[in-house]
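Here is query_10.tsv, consisting of TSV, C-alpha atoms:
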```
chain	number	residue	atom	x	y	z
H	972	MET	CA	147.95	0.39	-13.16
H	973	THR	CA	144.29	1.11	-12.49
H	974	ALA	CA	142.56	4.10	-14.06
H	975	LEU	CA	141.14	6.01	-11.12
H	976	SER	CA	139.99	9.45	-12.18
H	977	VAL	CA	138.79	11.22	-15.31
H	978	PRO	CA	137.86	14.85	-14.58
H	979	PHE	CA	136.95	17.22	-17.41
H	980	ALA	CA	137.90	20.86	-17.75
H	981	SER	CA	136.70	23.62	-20.05
H	982	PRO	CA	137.72	25.38	-22.25
H	983	PRO	CA	138.89	23.50	-24.25
H	984	MET	CA	137.59	20.02	-23.59
H	985	VAL	CA	140.35	18.34	-21.63
H	986	ILE	CA	140.46	15.02	-19.86
H	987	ILE	CA	143.10	13.64	-17.56
H	988	LEU	CA	143.72	9.99	-16.83
H	989	ARG	CA	145.22	9.29	-13.41
H	990	LEU	CA	146.87	5.93	-12.84
H	991	GLY	CA	147.20	4.12	-9.55
H	992	ALA	CA	150.95	3.76	-10.06
H	993	THR	CA	151.48	7.45	-10.83
H	994	THR	CA	153.95	9.16	-8.50
H	995	LEU	CA	154.46	12.80	-7.68
H	996	ARG	CA	158.12	12.95	-8.67
H	997	ARG	CA	157.21	12.32	-12.29
H	998	CYS	CA	153.50	12.40	-13.08
H	999	THR	CA	152.43	11.51	-16.62
H	1000	ILE	CA	148.98	12.65	-17.69
H	1001	SER	CA	147.09	12.26	-20.93
H	1002	LEU	CA	145.28	15.31	-22.27
H	1003	GLN	CA	142.73	15.16	-25.03
H	1004	VAL	CA	142.17	18.58	-26.55
H	1005	LYS	CA	139.65	18.98	-29.35
H	1006	GLY	CA	140.21	15.47	-30.64
H	1007	SER	CA	144.02	15.40	-30.38
H	1008	VAL	CA	145.83	13.44	-27.70
H	1009	ARG	CA	149.09	14.46	-26.08
H	1010	SER	CA	150.93	13.50	-22.93
H	1011	SER	CA	152.40	15.93	-20.43
H	1012	VAL	CA	154.90	15.09	-17.72
H	1013	LEU	CA	154.45	17.04	-14.48
H	1014	VAL	CA	157.56	16.99	-12.29
H	1015	ASP	CA	158.03	18.36	-8.79
H	1016	HIS	CA	161.77	19.08	-8.93
H	1017	SER	CA	161.91	19.84	-5.20
H	1018	MET	CA	161.35	16.18	-4.33
H	1019	PRO	CA	164.23	13.72	-4.01
H	1020	ARG	CA	164.55	11.51	-7.07
H	1021	SER	CA	164.24	8.41	-4.92
H	1022	GLU	CA	160.99	9.50	-3.28
H	1023	GLU	CA	157.67	8.30	-4.67
H	1024	LEU	CA	154.24	9.35	-3.42
H	1025	TYR	CA	150.93	8.24	-4.84
H	1026	ILE	CA	148.49	10.78	-6.24
H	1027	ARG	CA	145.11	10.15	-4.63
H	1028	SER	CA	142.99	12.94	-6.13
H	1029	VAL	CA	142.95	15.34	-9.07
H	1030	CYS	CA	140.72	18.23	-10.09
H	1031	PHE	CA	140.79	20.87	-12.86
H	1032	SER	CA	139.92	24.49	-12.22
H	1033	PRO	CA	136.72	25.39	-14.13
H	1034	ASP	CA	138.64	27.46	-16.69
H	1035	GLY	CA	141.08	24.61	-17.32
H	1036	ARG	CA	144.14	26.71	-16.50
H	1037	TYR	CA	145.12	24.80	-13.37
H	1038	LEU	CA	145.22	21.21	-12.19
H	1039	ALA	CA	145.15	20.42	-8.47
H	1040	THR	CA	146.62	17.12	-7.29
H	1041	GLY	CA	146.56	15.62	-3.82
H	1042	ALA	CA	148.99	12.97	-2.60
H	1043	ASP	CA	150.15	10.84	0.29
H	1044	ASP	CA	152.45	13.53	1.73
H	1045	GLY	CA	149.44	15.71	2.66
H	1046	ASN	CA	150.38	18.43	0.16
H	1047	ILE	CA	148.23	19.85	-2.60
H	1048	ARG	CA	150.07	20.85	-5.75
H	1049	ILE	CA	148.65	23.35	-8.20
H	1050	TRP	CA	149.98	22.87	-11.75
H	1051	SER	CA	149.70	25.16	-14.76
H	1052	THR	CA	148.14	23.21	-17.61
H	1053	HIS	CA	149.53	25.69	-20.14
H	1054	THR	CA	153.16	25.29	-19.12
H	1055	SER	CA	153.01	21.87	-17.38
H	1056	THR	CA	154.90	23.36	-14.43
H	1057	LEU	CA	154.29	23.41	-10.69
H	1058	HIS	CA	152.59	26.70	-9.80
H	1059	LYS	CA	152.18	26.30	-6.06
H	1060	ARG	CA	152.32	23.81	-3.21
H	1061	LEU	CA	149.80	23.95	-0.35
H	1062	SER	CA	150.63	22.52	3.05
H	1063	GLY	CA	148.45	21.99	6.08
H	1064	HIS	CA	147.02	18.48	5.85
H	1065	THR	CA	148.90	15.82	7.79
H	1066	ALA	CA	147.72	12.74	5.87
H	1067	SER	CA	146.82	11.66	2.32
H	1068	ILE	CA	144.56	13.95	0.27
H	1069	TYR	CA	141.62	11.82	-0.84
H	1070	SER	CA	139.31	14.32	-2.51
H	1071	LEU	CA	139.50	17.74	-4.21
H	1072	ASP	CA	136.78	19.97	-5.65
H	1073	TYR	CA	136.79	23.43	-7.21
H	1074	SER	CA	133.73	25.62	-6.83
H	1075	PRO	CA	131.88	26.22	-10.13
H	1076	ASP	CA	133.21	29.79	-10.33
H	1077	GLY	CA	136.73	28.67	-9.45
H	1078	ARG	CA	136.99	30.93	-6.39
H	1079	LEU	CA	137.30	28.11	-3.86
H	1080	LEU	CA	139.20	24.83	-3.71
H	1081	VAL	CA	138.14	22.27	-1.12
H	1082	SER	CA	140.30	19.37	0.01
H	1083	SER	CA	139.70	16.41	2.30
H	1084	SER	CA	142.26	14.21	3.97
H	1085	GLY	CA	142.88	11.15	6.06
H	1086	ASP	CA	143.65	13.56	8.91
H	1087	LYS	CA	139.86	13.93	9.26
H	1088	THR	CA	139.74	17.56	8.16
H	1089	VAL	CA	138.29	19.40	5.19
H	1090	ARG	CA	140.09	22.59	4.17
H	1091	VAL	CA	138.67	25.42	2.10
H	1092	TRP	CA	141.21	27.45	0.13
H	1093	ASN	CA	140.77	30.87	-1.49
H	1094	THR	CA	141.98	30.54	-5.09
H	1095	ASP	CA	142.60	34.30	-5.37
H	1096	ASP	CA	145.63	33.49	-3.22
H	1097	LEU	CA	146.43	30.23	-4.99
H	1098	HIS	CA	146.32	31.29	-8.62
H	1099	ASN	CA	147.99	34.68	-8.65
H	1100	ASP	CA	151.65	34.65	-9.67
H	1101	LEU	CA	152.86	36.47	-6.54
H	1102	ALA	CA	151.12	34.20	-4.03
H	1103	VAL	CA	153.32	32.84	-1.26
H	1104	GLN	CA	153.73	29.14	-0.50
H	1105	GLY	CA	151.79	28.18	2.61
H	1106	GLU	CA	148.37	27.80	4.16
H	1107	GLU	CA	146.13	30.36	2.43
H	1108	ARG	CA	142.99	28.53	3.48
H	1109	VAL	CA	139.62	30.06	4.25
H	1110	PHE	CA	138.77	27.71	7.12
H	1111	VAL	CA	139.12	24.14	8.34
H	1112	ILE	CA	136.27	21.72	9.05
H	1113	ASP	CA	137.31	19.25	11.73
H	1114	ILE	CA	135.43	16.07	10.83
H	1115	ALA	CA	136.60	14.36	14.02
H	1116	GLY	CA	135.05	17.28	15.90
H	1117	VAL	CA	131.56	16.12	14.92
H	1118	GLN	CA	132.33	12.65	16.25
H	1119	VAL	CA	132.97	11.07	12.87
H	1120	ASP	CA	135.67	8.46	13.11
H	1121	ARG	CA	135.87	7.69	9.39
H	1122	THR	CA	137.83	8.93	6.39
H	1123	VAL	CA	136.23	11.46	4.04
H	1124	THR	CA	135.45	9.84	0.69
H	1125	SER	CA	133.93	12.69	-1.31
H	1126	ILE	CA	133.33	16.43	-1.10
H	1127	ALA	CA	131.28	18.84	-3.20
H	1128	ILE	CA	130.62	22.59	-3.30
H	1129	SER	CA	127.16	23.89	-4.16
H	1130	PRO	CA	126.82	25.95	-7.39
H	1131	ASN	CA	126.32	29.19	-5.43
H	1132	ASN	CA	129.38	28.60	-3.21
H	1133	SER	CA	127.25	28.58	-0.05
H	1134	LEU	CA	127.42	24.92	1.01
H	1135	ILE	CA	129.98	22.14	1.33
H	1136	ALA	CA	128.78	18.54	1.39
H	1137	VAL	CA	131.03	15.90	2.94
H	1138	ALA	CA	130.64	12.12	2.64
H	1139	THR	CA	132.56	9.64	4.78
H	1140	LEU	CA	133.01	5.90	5.09
H	1141	GLU	CA	130.04	5.89	7.42
H	1142	ASN	CA	126.56	6.20	5.91
H	1143	THR	CA	125.90	9.87	6.71
H	1144	ILE	CA	126.40	12.96	4.54
H	1145	ARG	CA	127.02	16.25	6.33
H	1146	ILE	CA	126.53	19.74	4.93
H	1147	TRP	CA	128.24	22.89	6.19
H	1148	ASP	CA	127.33	26.51	5.50
H	1149	ILE	CA	130.47	28.20	4.18
H	1150	GLU	CA	129.71	31.72	5.41
H	1151	SER	CA	128.70	30.78	8.97
H	1152	ARG	CA	130.94	27.69	9.11
H	1153	VAL	CA	128.09	25.84	10.82
H	1154	LEU	CA	126.94	22.25	10.28
H	1155	VAL	CA	123.43	22.72	8.87
H	1156	ALA	CA	122.30	19.24	7.82
H	1157	GLN	CA	122.97	15.54	8.23
H	1158	LEU	CA	121.55	13.27	5.52
H	1159	GLU	CA	120.86	9.78	6.78
H	1160	GLY	CA	119.38	6.99	4.69
H	1161	HIS	CA	122.15	4.94	3.13
H	1162	ALA	CA	122.82	1.54	4.65
H	1163	ASP	CA	126.56	1.56	3.94
H	1164	SER	CA	129.49	3.89	3.20
H	1165	VAL	CA	128.81	6.82	0.86
H	1166	TYR	CA	131.52	6.93	-1.80
H	1167	SER	CA	130.45	9.82	-4.03
H	1168	ILE	CA	128.30	12.98	-3.93
H	1169	ALA	CA	127.39	15.72	-6.40
H	1170	PHE	CA	125.13	18.79	-6.39
H	1171	SER	CA	122.48	19.31	-9.04
H	1172	ARG	CA	123.00	22.16	-11.48
H	1173	ASP	CA	120.54	24.44	-9.66
H	1174	GLY	CA	121.89	23.46	-6.23
H	1175	THR	CA	118.53	22.33	-4.85
H	1176	GLU	CA	119.40	18.63	-4.76
H	1177	LEU	CA	122.31	16.43	-3.77
H	1178	ILE	CA	123.05	13.09	-5.45
H	1179	SER	CA	124.84	10.31	-3.56
H	1180	GLY	CA	126.20	6.88	-4.41
H	1181	SER	CA	126.86	4.21	-1.81
H	1182	LEU	CA	128.26	0.76	-1.17
H	1183	ASP	CA	124.65	-0.22	-0.40
H	1184	ARG	CA	124.26	-0.37	-4.25
H	1185	THR	CA	121.89	2.60	-4.39
H	1186	VAL	CA	121.91	6.14	-5.75
H	1187	LYS	CA	119.87	8.67	-3.77
H	1188	ARG	CA	118.48	12.15	-4.47
H	1189	TRP	CA	118.14	14.54	-1.55
H	1190	ASP	CA	116.01	17.67	-1.40
H	1191	ILE	CA	118.15	20.36	0.26
H	1192	THR	CA	115.89	23.36	-0.43
H	1193	PRO	CA	115.13	23.77	3.33
H	1194	LEU	CA	118.73	24.97	3.74
H	1195	PHE	CA	118.00	28.02	1.57
H	1196	HIS	CA	114.78	29.08	3.31
H	1197	GLN	CA	115.54	28.69	7.01
H	1198	GLN	CA	118.42	29.39	9.37
H	1199	GLY	CA	120.25	26.78	11.43
H	1200	ALA	CA	120.23	23.01	11.21
H	1201	GLN	CA	117.52	21.55	8.99
H	1202	THR	CA	116.11	18.17	8.01
H	1203	CYS	CA	116.61	17.26	4.36
H	1204	ASN	CA	114.74	14.26	2.98
H	1205	CYS	CA	115.64	11.64	0.41
H	1206	THR	CA	113.15	12.05	-2.42
H	1207	TYR	CA	114.20	9.18	-4.68
H	1208	THR	CA	116.25	6.01	-4.38
H	1209	TYR	CA	117.61	4.55	-7.62
H	1210	LEU	CA	117.86	0.76	-7.65
H	1211	GLY	CA	119.53	-1.26	-10.37
H	1212	HIS	CA	123.20	-1.73	-9.68
H	1213	GLU	CA	124.21	-5.22	-8.60
H	1214	ASP	CA	127.28	-4.13	-6.64
H	1215	TYR	CA	128.84	-1.07	-4.97
H	1216	VAL	CA	128.11	2.35	-6.48
H	1217	LEU	CA	131.55	3.97	-6.67
H	1218	CYS	CA	130.91	7.31	-8.38
H	1219	VAL	CA	128.08	9.62	-9.43
H	1220	ALA	CA	128.00	12.64	-11.73
H	1221	LEU	CA	125.45	14.91	-13.39
H	1222	THR	CA	125.42	16.03	-17.01
H	1223	HIS	CA	125.72	19.70	-18.02
H	1224	ASP	CA	123.55	19.76	-21.14
H	1225	VAL	CA	122.50	23.11	-22.55
H	1226	THR	CA	118.91	21.91	-22.62
H	1227	ASN	CA	116.79	21.73	-19.48
H	1228	HIS	CA	117.33	17.97	-19.41
H	1229	GLN	CA	119.81	16.60	-16.89
H	1230	TRP	CA	120.98	13.06	-16.30
H	1231	VAL	CA	122.45	11.34	-13.29
H	1232	ILE	CA	125.30	8.99	-14.25
H	1233	SER	CA	126.45	6.29	-11.86
H	1234	SER	CA	129.34	3.83	-12.08
H	1235	SER	CA	129.70	0.62	-10.15
H	1236	LYS	CA	131.79	-2.35	-9.17
H	1237	ASP	CA	129.33	-4.37	-11.29
H	1238	CYS	CA	131.27	-3.09	-14.36
H	1239	THR	CA	128.35	-0.98	-15.62
H	1240	VAL	CA	127.44	2.67	-16.03
H	1241	LYS	CA	123.80	3.67	-15.68
H	1242	PHE	CA	121.93	6.78	-16.86
H	1243	TRP	CA	119.02	7.99	-14.72
H	1244	ASP	CA	116.50	10.61	-15.82
H	1245	ILE	CA	116.49	13.29	-13.12
H	1246	THR	CA	113.13	14.57	-14.40
H	1247	GLN	CA	111.45	11.25	-13.56
H	1248	ARG	CA	108.94	11.52	-10.75
H	1249	ASN	CA	108.24	7.80	-10.39
H	1250	THR	CA	108.27	6.39	-6.89
H	1251	ALA	CA	110.57	3.56	-8.05
H	1252	PRO	CA	112.67	5.06	-10.88
H	1253	MET	CA	114.54	2.69	-13.16
H	1254	PRO	CA	117.67	3.42	-15.23
H	1255	GLU	CA	117.02	4.78	-18.72
H	1256	PHE	CA	119.83	2.61	-20.04
H	1257	THR	CA	122.89	0.65	-18.92
H	1258	LEU	CA	126.33	0.76	-20.56
H	1259	LYS	CA	128.71	-2.17	-20.51
H	1260	GLY	CA	132.21	-1.47	-21.79
H	1261	HIS	CA	134.62	-2.05	-18.93
H	1262	ARG	CA	135.91	-5.48	-17.91
H	1263	ASN	CA	136.32	-4.52	-14.27
H	1264	SER	CA	134.89	-2.08	-11.72
H	1265	VAL	CA	134.02	1.35	-13.14
H	1266	ILE	CA	135.74	3.46	-10.51
H	1267	ALA	CA	135.16	6.99	-11.83
H	1268	VAL	CA	132.79	8.92	-14.08
H	1269	ASP	CA	132.66	12.59	-15.05
H	1270	ALA	CA	130.61	14.63	-17.52
H	1271	SER	CA	131.90	17.29	-19.88
H	1272	PRO	CA	130.94	20.86	-18.90
H	1273	VAL	CA	129.65	21.48	-22.44
H	1274	GLY	CA	127.40	18.40	-22.52
H	1275	GLY	CA	127.21	15.46	-24.92
H	1276	LEU	CA	130.32	13.72	-23.57
H	1277	PHE	CA	131.26	11.83	-20.44
H	1278	ALA	CA	134.26	9.76	-19.42
H	1279	THR	CA	134.74	6.63	-17.33
H	1280	ALA	CA	137.76	4.96	-15.75
H	1281	GLY	CA	137.99	1.40	-14.55
H	1282	GLY	CA	139.96	-1.30	-12.87
H	1283	ASP	CA	140.64	-2.79	-16.31
H	1284	TRP	CA	143.27	-0.02	-16.87
H	1285	ASP	CA	141.01	1.67	-19.43
H	1286	ALA	CA	139.60	5.18	-19.61
H	1287	LYS	CA	136.77	5.63	-22.08
H	1288	ILE	CA	135.13	8.72	-23.56
H	1289	TRP	CA	131.47	8.31	-24.46
H	1290	ARG	CA	129.22	10.48	-26.61
H	1291	TYR	CA	125.48	10.73	-26.01
H	1292	THR	CA	122.53	12.64	-27.45
H	1293	THR	CA	119.38	13.54	-25.56
H	1294	LEU	CA	116.36	12.91	-27.78
H	1295	GLN	CA	113.63	15.51	-27.59
```
Write out the structure in this file as structure tokens.
Amino acid sequence: MTALSVPFASPPMVIILRLGATTLRRCTISLQVKGSVRSSVLVDHSMPRSEELYIRSVCFSPDGRYLATGADDGNIRIWSTHTSTLHKRLSGHTASIYSLDYSPDGRLLVSSSGDKTVRVWNTDDLHNDLAVQGEERVFVIDIAGVQVDRTVTSIAISPNNSLIAVATLENTIRIWDIESRVLVAQLEGHADSVYSIAFSRDGTELISGSLDRTVKRWDITPLFHQQGAQTCNCTYTYLGHEDYVLCVALTHDVTNHQWVISSSKDCTVKFWDITQRNTAPMPEFTLKGHRNSVIAVDASPVGGLFATAGGDWDAKIWRYTTLQ
């Protein structure tokens, strides 16, 4: 059972460990709340006992009240973390759900699937107790419609809810404007599949990690100053990993300092100083704790903590301090 995902939620500090062998009929998760560890079992009682479907993606709502899971049956399930019960089931996708992301204010939930679509859901419909089962989506982005013949690997919503970034198994990142529903940018520069993307805290940059072993920073400020499709340039390329970069995240420290964290198939996690303006930035430090690929990384919303999950079946919580 490989540890695949370790998203944080707040408040309180909560972390979930998703296992590769976890099924939807009976999903066991580990929650760490203020230093105590407990396990919750999430069960979809509407499924036949004999049926097993793998969970491919998980994401907490920003307030920690809900957990969204995506699975092989193309359905998204919204769970209450307070009661450990199924709150709602969302249908519409026709293939496995590979990526989920809540907007920072919790108003939108974005999902991507092997059916080559990205769906944007209004959480006002999803989270209220009287909401009806069904397709309460805002709109659908047809990835195949822009002549992309690859599966979506990662999605991210900008901090101001205006943009959706989509990465696929090809080497291009595409950005859509949510209000106009128009493709506004294509970021080209990676030499292999892009596996992970994340917006900076102020929304002016996008971070990407790729199978080409690099982490890149993209300046997307032209999207806020001009209408229509724009050219966004890669400002920095981070070199140092010796194998595929599988996940990237940014810290949420209360200070003005912000770090890029990257995890890799080379079994390491690297910290990069986002304030560096060197033409060839190097990692501030490298962490070695996993005995296999580090598949996932996520930072606590309150800063000072981050979590990693690896192919060695381990999930680890790390504490760090930024020195002034």
* Can you tell me, as number ranges by chain, what residues are no more than 10 Å from Val1186 of chain H when counting all atoms listed in the file, ignoring any on the same chain fewer than 3 positions away? -> H: 1161, 1165, 1167-1168, 1178-1183, 1207-1212, 1216-1219, 1231-1233, 1243
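Take atom CA of Val1029 of chain H and atom CA of Tyr1291 of chain H: the distance between them is 24.8 Å.
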* To do: Excluding Val1155 of chain H and any residue of its chain fewer than 2 positions from it, enumerate the residues within 8 Å of it, using only C-alpha atoms, and give them as number ranges by chain.
  => H: 1145-1148, 1153, 1157, 1194, 1199-1201
* Asked: Expressed in Å to a single decimal, how great is the separation between atom CA of Phe1195 of chain H and atom CA of Ser1125 of chain H?
  -> 22.3 Å
* Spatial neighbours of segment 1131-1140 of chain H, 9 Å, only C-alpha atoms, chain gap at least 6 places, as an MDAnalysis selection string -> chainID H and resid 1074:1076 1078:1079 1081 1083 1089 1119:1125 1146:1150 1163:1170 1173:1174 1177 1179
Save out the residues we just selected, C-alpha atoms, as a short mmCIF file (atom, residue, chain, number, x, y, z; two decimals), keeping the file's coordinate frame.
```cif
data_model
loop_
_atom_site.label_atom_id
_atom_site.label_comp_id
_atom_site.auth_asym_id
_atom_site.auth_seq_id
_atom_site.Cartn_x
_atom_site.Cartn_y
_atom_site.Cartn_z
CA SER H 1074 133.73 25.62 -6.83
CA PRO H 1075 131.88 26.22 -10.13
CA ASP H 1076 133.21 29.79 -10.33
CA ARG H 1078 136.99 30.93 -6.39
CA LEU H 1079 137.30 28.11 -3.86
CA VAL H 1081 138.14 22.27 -1.12
CA SER H 1083 139.70 16.41 2.30
CA VAL H 1089 138.29 19.40 5.19
CA VAL H 1119 132.97 11.07 12.87
CA ASP H 1120 135.67 8.46 13.11
CA ARG H 1121 135.87 7.69 9.39
CA THR H 1122 137.83 8.93 6.39
CA VAL H 1123 136.23 11.46 4.04
CA THR H 1124 135.45 9.84 0.69
CA SER H 1125 133.93 12.69 -1.31
CA ILE H 1146 126.53 19.74 4.93
CA TRP H 1147 128.24 22.89 6.19
CA ASP H 1148 127.33 26.51 5.50
CA ILE H 1149 130.47 28.20 4.18
CA GLU H 1150 129.71 31.72 5.41
CA ASP H 1163 126.56 1.56 3.94
CA SER H 1164 129.49 3.89 3.20
CA VAL H 1165 128.81 6.82 0.86
CA TYR H 1166 131.52 6.93 -1.80
CA SER H 1167 130.45 9.82 -4.03
CA ILE H 1168 128.30 12.98 -3.93
CA ALA H 1169 127.39 15.72 -6.40
CA PHE H 1170 125.13 18.79 -6.39
CA ASP H 1173 120.54 24.44 -9.66
CA GLY H 1174 121.89 23.46 -6.23
CA LEU H 1177 122.31 16.43 -3.77
CA SER H 1179 124.84 10.31 -3.56
#
```
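Around Asp1072 of chain H, within 7 Å and counting all atoms listed in the file, the residues found are Cys1030, Leu1080, Val1081, Ser1082, Ile1126 and Ala1127 of chain H, once anything fewer than 6 positions away on its own chain is removed.
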* What is the atom CA of Pro1130 of chain H to atom CA of Asp1086 of chain H distance in Å? ->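 Between atom CA of Pro1130 of chain H and atom CA of Asp1086 of chain H the gap works out to 26.5 Å.
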* Best match for closeness to Leu1071 of chain H among H:Asp1043, H:Leu1038, H:His1058, H:Thr1052, counting all atoms listed in the file -> H:Leu1038
